[in-house]
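Printed here is my_file21.json (JSON, C-alpha atoms):
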[["chain", "number", "residue", "atom", "x", "y", "z"],
["A", 25, "MET", "CA", 4.82, 9.34, 13.06],
["A", 26, "ARG", "CA", 6.92, 6.23, 13.76],
["A", 27, "THR", "CA", 5.44, 4.36, 10.82],
["A", 28, "LEU", "CA", 6.41, 7.06, 8.34],
["A", 29, "THR", "CA", 9.74, 8.42, 9.61],
["A", 30, "PRO", "CA", 11.97, 5.41, 8.75],
["A", 31, "VAL", "CA", 10.33, 5.15, 5.33],
["A", 32, "LEU", "CA", 11.05, 8.79, 4.52],
["A", 33, "LYS", "CA", 14.64, 8.46, 5.74],
["A", 34, "ASN", "CA", 15.28, 5.54, 3.40],
["A", 35, "LEU", "CA", 13.74, 7.39, 0.46],
["A", 36, "ILE", "CA", 15.66, 10.60, 1.16],
["A", 37, "PHE", "CA", 19.08, 9.02, 1.72],
["A", 38, "GLY", "CA", 18.85, 6.60, -1.21],
["A", 39, "PRO", "CA", 17.05, 8.70, -3.83],
["A", 40, "THR", "CA", 18.22, 6.83, -6.95],
["A", 41, "LYS", "CA", 17.74, 3.35, -5.53],
["A", 42, "VAL", "CA", 15.02, 1.23, -7.15],
["A", 43, "CYS", "CA", 12.80, 0.48, -4.16],
["A", 44, "ILE", "CA", 9.76, -1.03, -5.91],
["A", 45, "VAL", "CA", 9.13, -3.04, -9.06],
["A", 46, "ASP", "CA", 5.52, -3.77, -10.03],
["A", 47, "ASP", "CA", 3.59, -4.96, -13.08],
["A", 48, "GLN", "CA", 3.74, -1.54, -14.70],
["A", 49, "ARG", "CA", 7.06, 0.06, -13.80],
["A", 50, "GLN", "CA", 10.04, 0.51, -11.51],
["A", 51, "TRP", "CA", 9.93, 3.08, -8.73],
["A", 52, "LYS", "CA", 13.06, 4.86, -7.65],
["A", 53, "ALA", "CA", 13.03, 6.25, -4.14],
["A", 54, "TYR", "CA", 12.82, 9.89, -5.22],
["A", 55, "GLU", "CA", 9.88, 9.10, -7.52],
["A", 56, "LEU", "CA", 7.93, 7.56, -4.65],
["A", 57, "LEU", "CA", 8.80, 10.50, -2.39],
["A", 58, "MET", "CA", 7.94, 13.20, -4.92],
["A", 59, "GLY", "CA", 4.76, 11.37, -5.88],
["A", 60, "GLY", "CA", 3.81, 11.28, -2.21],
["A", 61, "PHE", "CA", 4.27, 15.05, -1.91],
["A", 62, "HIS", "CA", 2.17, 15.68, -5.03],
["A", 63, "LEU", "CA", -0.61, 13.37, -3.88],
["A", 64, "ALA", "CA", -0.59, 14.84, -0.37],
["A", 65, "LYS", "CA", -1.30, 18.25, -1.90],
["A", 66, "ALA", "CA", -4.16, 16.84, -3.97],
["A", 67, "ILE", "CA", -5.70, 15.02, -0.99],
["A", 68, "LYS", "CA", -5.47, 18.13, 1.19],
["A", 69, "ASN", "CA", -7.28, 20.14, -1.48],
["A", 70, "ALA", "CA", -9.93, 17.44, -1.91],
["A", 71, "THR", "CA", -11.08, 16.74, 1.64],
["A", 72, "ASP", "CA", -11.18, 17.99, 5.21],
["A", 73, "LYS", "CA", -12.12, 14.55, 6.53],
["A", 74, "GLN", "CA", -9.70, 12.56, 8.68],
["A", 75, "GLN", "CA", -10.18, 9.31, 6.72],
["A", 76, "VAL", "CA", -8.86, 8.72, 3.19],
["A", 77, "GLY", "CA", -10.03, 5.71, 1.19],
["A", 78, "ILE", "CA", -7.46, 3.74, -0.82],
["A", 79, "MET", "CA", -8.58, 1.24, -3.47],
["A", 80, "LEU", "CA", -5.58, 0.20, -5.52],
["A", 81, "PRO", "CA", -4.12, -3.03, -6.94],
["A", 82, "THR", "CA", -1.01, -4.53, -5.36],
["A", 83, "SER", "CA", 1.62, -2.14, -6.73],
["A", 84, "GLY", "CA", 3.82, 0.84, -5.95],
["A", 85, "LEU", "CA", 0.74, 3.06, -6.07],
["A", 86, "PHE", "CA", -0.51, 1.75, -2.72],
["A", 87, "PRO", "CA", 2.54, 2.82, -0.67],
["A", 88, "LEU", "CA", 2.52, 6.13, -2.54],
["A", 89, "ALA", "CA", -1.06, 6.73, -1.37],
["A", 90, "LEU", "CA", -0.18, 5.56, 2.14],
["A", 91, "ILE", "CA", 2.79, 7.94, 2.36],
["A", 92, "ALA", "CA", 0.68, 10.88, 1.13],
["A", 93, "THR", "CA", -2.10, 10.11, 3.62],
["A", 94, "TRP", "CA", 0.27, 9.82, 6.58],
["A", 95, "MET", "CA", 2.15, 12.98, 5.61],
["A", 96, "LEU", "CA", -1.09, 14.83, 6.28],
["A", 97, "GLY", "CA", -1.63, 13.05, 9.59],
["A", 98, "LYS", "CA", -4.74, 11.37, 8.21],
["A", 99, "THR", "CA", -6.04, 7.82, 8.60],
["A", 100, "ALA", "CA", -5.80, 5.42, 5.66],
["A", 101, "VAL", "CA", -8.81, 3.22, 4.91],
["A", 102, "PRO", "CA", -7.70, 0.41, 2.55],
["A", 103, "LEU", "CA", -10.75, -0.82, 0.63],
["A", 104, "ASN", "CA", -11.21, -4.52, -0.05],
["A", 105, "TYR", "CA", -12.18, -4.57, -3.72],
["A", 106, "LEU", "CA", -13.12, -8.26, -3.42],
["A", 107, "LEU", "CA", -16.10, -7.43, -1.22],
["A", 108, "LYS", "CA", -19.62, -7.46, -2.56],
["A", 109, "ARG", "CA", -20.81, -4.10, -3.82],
["A", 110, "ASP", "CA", -23.18, -3.59, -0.87],
["A", 111, "ASP", "CA", -20.45, -4.36, 1.67],
["A", 112, "LEU", "CA", -17.92, -2.08, 0.02],
["A", 113, "GLU", "CA", -20.42, 0.78, -0.04],
["A", 114, "TYR", "CA", -21.14, 0.09, 3.63],
["A", 115, "VAL", "CA", -17.42, 0.36, 4.46],
["A", 116, "VAL", "CA", -17.04, 3.65, 2.59],
["A", 117, "ASN", "CA", -20.03, 5.17, 4.37],
["A", 118, "ASP", "CA", -19.24, 3.69, 7.79],
["A", 119, "ALA", "CA", -15.65, 5.00, 7.67],
["A", 120, "GLY", "CA", -16.82, 8.52, 6.83],
["A", 121, "VAL", "CA", -14.76, 8.60, 3.64],
["A", 122, "ASP", "CA", -15.49, 11.30, 1.07],
["A", 123, "VAL", "CA", -12.46, 10.78, -1.19],
["A", 124, "VAL", "CA", -10.98, 7.52, -2.51],
["A", 125, "VAL", "CA", -7.56, 7.26, -4.13],
["A", 126, "THR", "CA", -7.89, 4.74, -6.94],
["A", 127, "VAL", "CA", -7.30, 4.05, -10.65],
["A", 128, "THR", "CA", -9.76, 3.71, -13.53],
["A", 129, "PRO", "CA", -9.42, -0.10, -13.93],
["A", 130, "MET", "CA", -10.47, -0.60, -10.32],
["A", 131, "LEU", "CA", -13.62, 1.46, -10.85],
["A", 132, "GLU", "CA", -14.37, -0.41, -14.07],
["A", 133, "MET", "CA", -14.35, -3.61, -12.01],
["A", 134, "PHE", "CA", -16.23, -2.25, -8.99],
["A", 135, "GLY", "CA", -18.31, 0.57, -10.40],
["A", 136, "GLU", "CA", -18.55, 4.19, -9.31],
["A", 137, "MET", "CA", -18.11, 5.21, -5.70],
["A", 138, "PRO", "CA", -21.25, 6.03, -3.67],
["A", 139, "LYS", "CA", -22.80, 9.44, -4.22],
["A", 140, "GLY", "CA", -20.84, 12.23, -2.57],
["A", 141, "VAL", "CA", -17.52, 10.36, -2.63],
["A", 142, "LYS", "CA", -14.84, 11.87, -4.87],
["A", 143, "GLU", "CA", -12.82, 9.47, -7.01],
["A", 144, "MET", "CA", -9.18, 10.52, -7.17],
["A", 145, "LYS", "CA", -7.92, 8.56, -10.20],
["A", 146, "LEU", "CA", -4.13, 8.44, -10.17],
["A", 147, "ASP", "CA", -3.95, 7.42, -13.84],
["A", 148, "GLU", "CA", -5.69, 10.70, -14.75],
["A", 149, "MET", "CA", -3.50, 12.89, -12.52],
["A", 150, "LYS", "CA", -0.18, 12.62, -14.37],
["A", 151, "SER", "CA", -0.24, 16.32, -15.31],
["A", 152, "GLN", "CA", -0.56, 17.21, -11.60],
["A", 153, "PHE", "CA", 2.53, 15.16, -10.76],
["A", 154, "LYS", "CA", 4.92, 17.13, -12.97],
["A", 155, "GLY", "CA", 7.54, 19.52, -11.67],
["A", 156, "LEU", "CA", 8.67, 19.95, -8.09],
["A", 157, "PRO", "CA", 5.91, 19.37, -5.52],
["A", 158, "PRO", "CA", 5.46, 21.48, -2.40],
["A", 159, "VAL", "CA", 7.72, 19.88, 0.20],
["A", 160, "ARG", "CA", 5.93, 19.46, 3.50],
["A", 161, "TRP", "CA", 6.99, 18.31, 6.94],
["A", 162, "PRO", "CA", 4.90, 15.29, 8.00],
["A", 163, "VAL", "CA", 2.25, 16.06, 10.59],
["A", 164, "SER", "CA", 3.36, 14.73, 13.98],
["A", 165, "LYS", "CA", 1.03, 12.17, 15.56],
["A", 166, "PRO", "CA", 1.23, 10.24, 18.86],
["A", 167, "ASP", "CA", 1.71, 6.47, 19.00],
["A", 168, "ASP", "CA", -1.98, 5.91, 19.77],
["A", 169, "HIS", "CA", -3.09, 7.75, 16.61],
["A", 170, "THR", "CA", -5.20, 5.57, 14.30],
["A", 171, "ALA", "CA", -2.95, 5.21, 11.26],
["A", 172, "VAL", "CA", -5.12, 2.67, 9.44],
["A", 173, "LEU", "CA", -8.79, 1.77, 9.68],
["A", 174, "LEU", "CA", -8.83, -1.79, 8.36],
["A", 175, "TYR", "CA", -12.16, -3.48, 7.74],
["A", 176, "THR", "CA", -12.74, -7.21, 8.14],
["A", 177, "SER", "CA", -14.12, -9.32, 5.30],
["A", 178, "GLY", "CA", -17.55, -9.45, 6.90],
["A", 179, "THR", "CA", -17.83, -13.25, 7.13],
["A", 180, "SER", "CA", -20.19, -12.81, 10.10],
["A", 181, "GLY", "CA", -22.38, -9.78, 9.62],
["A", 182, "LYS", "CA", -21.20, -6.51, 8.15],
["A", 183, "PRO", "CA", -17.46, -5.69, 7.87],
["A", 184, "LYS", "CA", -16.07, -4.25, 11.08],
["A", 185, "GLY", "CA", -13.49, -1.46, 11.21],
["A", 186, "VAL", "CA", -10.35, -2.33, 13.16],
["A", 187, "MET", "CA", -8.44, 0.72, 14.37],
["A", 188, "LEU", "CA", -4.71, 0.07, 13.96],
["A", 189, "THR", "CA", -2.56, 2.64, 15.73],
["A", 190, "VAL", "CA", 0.88, 3.89, 14.85],
["A", 191, "ASN", "CA", 2.25, 1.69, 17.62],
["A", 192, "ASN", "CA", 0.33, -1.37, 16.40],
["A", 193, "LEU", "CA", 1.86, -1.14, 12.93],
["A", 194, "ALA", "CA", 5.36, -0.17, 14.04],
["A", 195, "SER", "CA", 5.45, -3.04, 16.56],
["A", 196, "ASN", "CA", 4.24, -5.56, 13.99],
["A", 197, "VAL", "CA", 6.93, -4.55, 11.51],
["A", 198, "ARG", "CA", 9.61, -4.53, 14.22],
["A", 199, "GLN", "CA", 8.63, -8.05, 15.34],
["A", 200, "CYS", "CA", 8.79, -9.39, 11.78],
["A", 201, "VAL", "CA", 12.21, -7.81, 11.21],
["A", 202, "ARG", "CA", 13.57, -9.32, 14.41],
["A", 203, "PHE", "CA", 12.11, -12.78, 13.77],
["A", 204, "ALA", "CA", 13.19, -13.11, 10.12],
["A", 205, "ARG", "CA", 16.24, -10.83, 10.47],
["A", 206, "PHE", "CA", 15.39, -8.66, 7.46],
["A", 207, "THR", "CA", 18.07, -6.18, 6.34],
["A", 208, "LYS", "CA", 18.68, -3.82, 3.43],
["A", 209, "ARG", "CA", 20.41, -6.71, 1.64],
["A", 210, "ASP", "CA", 17.13, -8.61, 1.34],
["A", 211, "LYS", "CA", 14.75, -8.51, -1.59],
["A", 212, "VAL", "CA", 11.04, -9.24, -1.10],
["A", 213, "LEU", "CA", 8.55, -10.65, -3.63],
["A", 214, "GLY", "CA", 4.81, -10.80, -3.01],
["A", 215, "VAL", "CA", 1.34, -10.86, -4.48],
["A", 216, "LEU", "CA", -0.90, -10.43, -1.42],
["A", 217, "PRO", "CA", -3.55, -7.67, -1.54],
["A", 218, "GLN", "CA", -2.37, -4.59, 0.30],
["A", 219, "PHE", "CA", -5.79, -3.98, 1.85],
["A", 220, "HIS", "CA", -5.12, -7.09, 3.98],
["A", 221, "SER", "CA", -3.18, -6.82, 7.24],
["A", 222, "PHE", "CA", -0.49, -9.25, 6.02],
["A", 223, "GLY", "CA", -0.06, -7.48, 2.68],
["A", 224, "LEU", "CA", -0.13, -4.08, 4.38],
["A", 225, "THR", "CA", 2.48, -4.70, 7.07],
["A", 226, "VAL", "CA", 4.84, -7.43, 5.83],
["A", 227, "LEU", "CA", 4.66, -6.89, 2.08],
["A", 228, "THR", "CA", 4.32, -3.09, 2.02],
["A", 229, "MET", "CA", 5.54, -1.42, 5.19],
["A", 230, "LEU", "CA", 8.35, -3.82, 6.11],
["A", 231, "PRO", "CA", 10.47, -3.41, 2.92],
["A", 232, "LEU", "CA", 10.09, 0.37, 2.95],
["A", 233, "THR", "CA", 10.93, 0.53, 6.65],
["A", 234, "VAL", "CA", 14.01, -1.68, 6.31],
["A", 235, "GLY", "CA", 15.07, -0.11, 3.02],
["A", 236, "CYS", "CA", 15.14, -3.29, 0.94],
["A", 237, "PRO", "CA", 13.62, -3.54, -2.56],
["A", 238, "VAL", "CA", 10.24, -5.20, -3.10],
["A", 239, "ILE", "CA", 8.68, -6.75, -6.21],
["A", 240, "TYR", "CA", 4.89, -6.70, -6.56],
["A", 241, "THR", "CA", 2.54, -8.47, -8.91],
["A", 242, "ALA", "CA", -1.19, -7.88, -8.71],
["A", 243, "ARG", "CA", -2.45, -11.36, -9.66],
["A", 244, "PHE", "CA", -1.31, -14.75, -8.45],
["A", 245, "ASN", "CA", -0.08, -16.62, -11.50],
["A", 246, "PRO", "CA", 2.34, -19.42, -10.51],
["A", 247, "LYS", "CA", 4.27, -19.32, -13.79],
["A", 248, "LYS", "CA", 4.70, -15.56, -13.56],
["A", 249, "ILE", "CA", 5.79, -15.78, -9.92],
["A", 250, "LEU", "CA", 8.44, -18.34, -10.88],
["A", 251, "GLU", "CA", 9.64, -16.06, -13.70],
["A", 252, "LEU", "CA", 9.91, -13.14, -11.27],
["A", 253, "MET", "CA", 11.86, -15.33, -8.88],
["A", 254, "ARG", "CA", 14.33, -16.29, -11.61],
["A", 255, "THR", "CA", 14.68, -12.66, -12.73],
["A", 256, "HIS", "CA", 14.93, -10.87, -9.38],
["A", 257, "ARG", "CA", 16.30, -13.60, -7.08],
["A", 258, "PRO", "CA", 14.30, -12.51, -4.00],
["A", 259, "THR", "CA", 15.41, -13.64, -0.55],
["A", 260, "ALA", "CA", 11.81, -13.74, 0.71],
["A", 261, "PHE", "CA", 8.42, -14.54, -0.81],
["A", 262, "VAL", "CA", 5.36, -13.24, 1.05],
["A", 263, "GLY", "CA", 2.39, -15.49, 0.44],
["A", 264, "ILE", "CA", 0.00, -18.03, 1.98],
["A", 265, "PRO", "CA", 0.30, -21.86, 2.10],
["A", 266, "SER", "CA", -1.98, -22.49, -0.89],
["A", 267, "MET", "CA", 0.32, -20.33, -3.00],
["A", 268, "TYR", "CA", 3.37, -22.36, -2.01],
["A", 269, "ASN", "CA", 1.66, -25.58, -3.09],
["A", 270, "ALA", "CA", 0.68, -24.04, -6.43],
["A", 271, "LEU", "CA", 4.26, -22.87, -6.99],
["A", 272, "LEU", "CA", 5.65, -26.33, -6.26],
["A", 273, "ASN", "CA", 3.18, -27.88, -8.70],
["A", 274, "ALA", "CA", 4.02, -25.33, -11.39],
["A", 275, "LYS", "CA", 7.74, -25.89, -10.90],
["A", 276, "SER", "CA", 7.41, -29.66, -11.28],
["A", 277, "ALA", "CA", 5.08, -29.42, -14.29]]

I need this file expressed as structure tokens, please.
Amino acid sequence: MRTLTPVLKNLIFGPTKVCIVDDQRQWKAYELLMGGFHLAKAIKNATDKQQVGIMLPTSGLFPLALIATWMLGKTAVPLNYLLKRDDLEYVVNDAGVDVVVTVTPMLEMFGEMPKGVKEMKLDEMKSQFKGLPPVRWPVSKPDDHTAVLLYTSGTSGKPKGVMLTVNNLASNVRQCVRFARFTKRDKVLGVLPQFHSFGLTVLTMLPLTVGCPVIYTARFNPKKILELMRTHRPTAFVGIPSMYNALLNAKSA
């Protein structure tokens, strides 16, 4: 799978490199890779369905779940936890999801998953992530394989599932790299939700594909963003215009 291959290469050939920093911890490349293998095993044991739900805060956990899902040749369904309860339940049922990779705090905010949907809580699976995981060769998929089923926010009617293929995602990342000339020497900082197309491709897939480190924070707090900028000295900030204005105001305050 063209979306996964460059990511795995960067993780394998730079195992001790810190590739992600989030609100909770630092992720070295080998930790993300081994975690992906462990989670892939757990997902395979939990479901035979093609679609895997992912409801996680902006953090290193999201790419871990994405890697595990794609290793199995399955389709990731990022869940918008900002949707109304009825709409989120509709998405889960419409996508045919019977397992959702999540963490306890997300469920405390949203509530339990619909009946028949297994909650795979990463914060309760630490014992399953110990030791060497079974190493697996990623399942090969063609460029027209649906890598991600991304649902709209439902501003007009119910949310609609958009099928993003391997080629869609790989092309989007490639275009961004060419336009902004990203390299391994860059360092990315961002706060966008990873269930959104912008947060998924530019903030999540692009750094891992290029092999440059990325810093995540789950909530937009201008003062915290400025502190992260001073600490990590990123070369790129991934956000939206309203965030830039808030940062300028916080800086001048």

* Asked: Taking into account only C-alpha atoms, which residue in the set A:Lys211, A:Ala53, A:Leu107, A:Leu156 is nearest to Thr255 (chain A)?
  ->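 Between A:Lys211, A:Ala53, A:Leu107, A:Leu156, the residue approaching Thr255 (chain A) most closely is A:Lys211.
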
* To do: Identify which of the residues A:Met58, A:Val123, A:Ile239, A:Ile264 lies closest to Pro138 (chain A), counting only C-alpha atoms when measuring atom-to-atom distances.
  => A:Val123

* Asked: Separation of CA of Arg198 (chain A) and CA of Leu216 (chain A), in Å?
  ->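 A separation of 19.7 Å between them.
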
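Closest to Phe219 (chain A) among A:Ser195, A:Ser276, A:Tyr114, A:Pro81 is A:Pro81, based on only C-alpha atoms.
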
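For Lys247 (chain A), the residues within 9 Å (counting all atoms listed in the file, excluding itself and residues fewer than 4 positions away along the chain) are Glu251, Leu252, Leu271, Ala274 and Lys275 of chain A.
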
* Asked: If we count only C-alpha atoms, what is near Ile36 (chain A) at a cut-off of 9 Å, once residues fewer than 3 positions away on the same chain are taken out, given as a list of chain:residue names?
  ->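 Residues near the query, excluding close chain neighbours: A:Val31, A:Leu32, A:Lys33, A:Pro39, A:Ala53, A:Tyr54, A:Leu57.
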
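Atom pair CA of Val76 (chain A) / CA of Val124 (chain A): separated by 6.2 Å.
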
* **Neighbour list for region 190-194 of chain A as a PyMOL selection string, cut-off 12 Å, only C-alpha atoms, skip fewer than 5 positions in-chain** => chain A and resi 25-31+94+97-100+164-174+199-201+221-222+224-226+228-230+233-234

* So, counting only C-alpha atoms, which residue among A:Gly263, A:Ala92, A:Leu250, A:Leu227 is closest to Pro157 (chain A)? ->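 Under the stated criterion, the closest residue is A:Ala92.
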
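Contact shell of Leu112 (chain A) at 10 Å (all atoms listed in the file; same-chain neighbours under 2 positions omitted): Leu103, Asn104, Tyr105, Leu106, Leu107, Lys108, Arg109, Asp110, Tyr114, Val115, Val116, Asn117, Asp118, Phe134, Met137, Pro138, Tyr175, Ser177, Lys182 and Pro183 of chain A.
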
* To do: Go through A:Met267, A:Leu232, A:Ala70, A:Leu131 one by one, measure the shortest atom-to-atom distance of each to Pro87 (chain A) using all atoms listed in the file, and give the residue with the smallest value.
  =>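 Once distances to Pro87 (chain A) are computed over all atoms listed in the file, the minimum belongs to A:Leu232.
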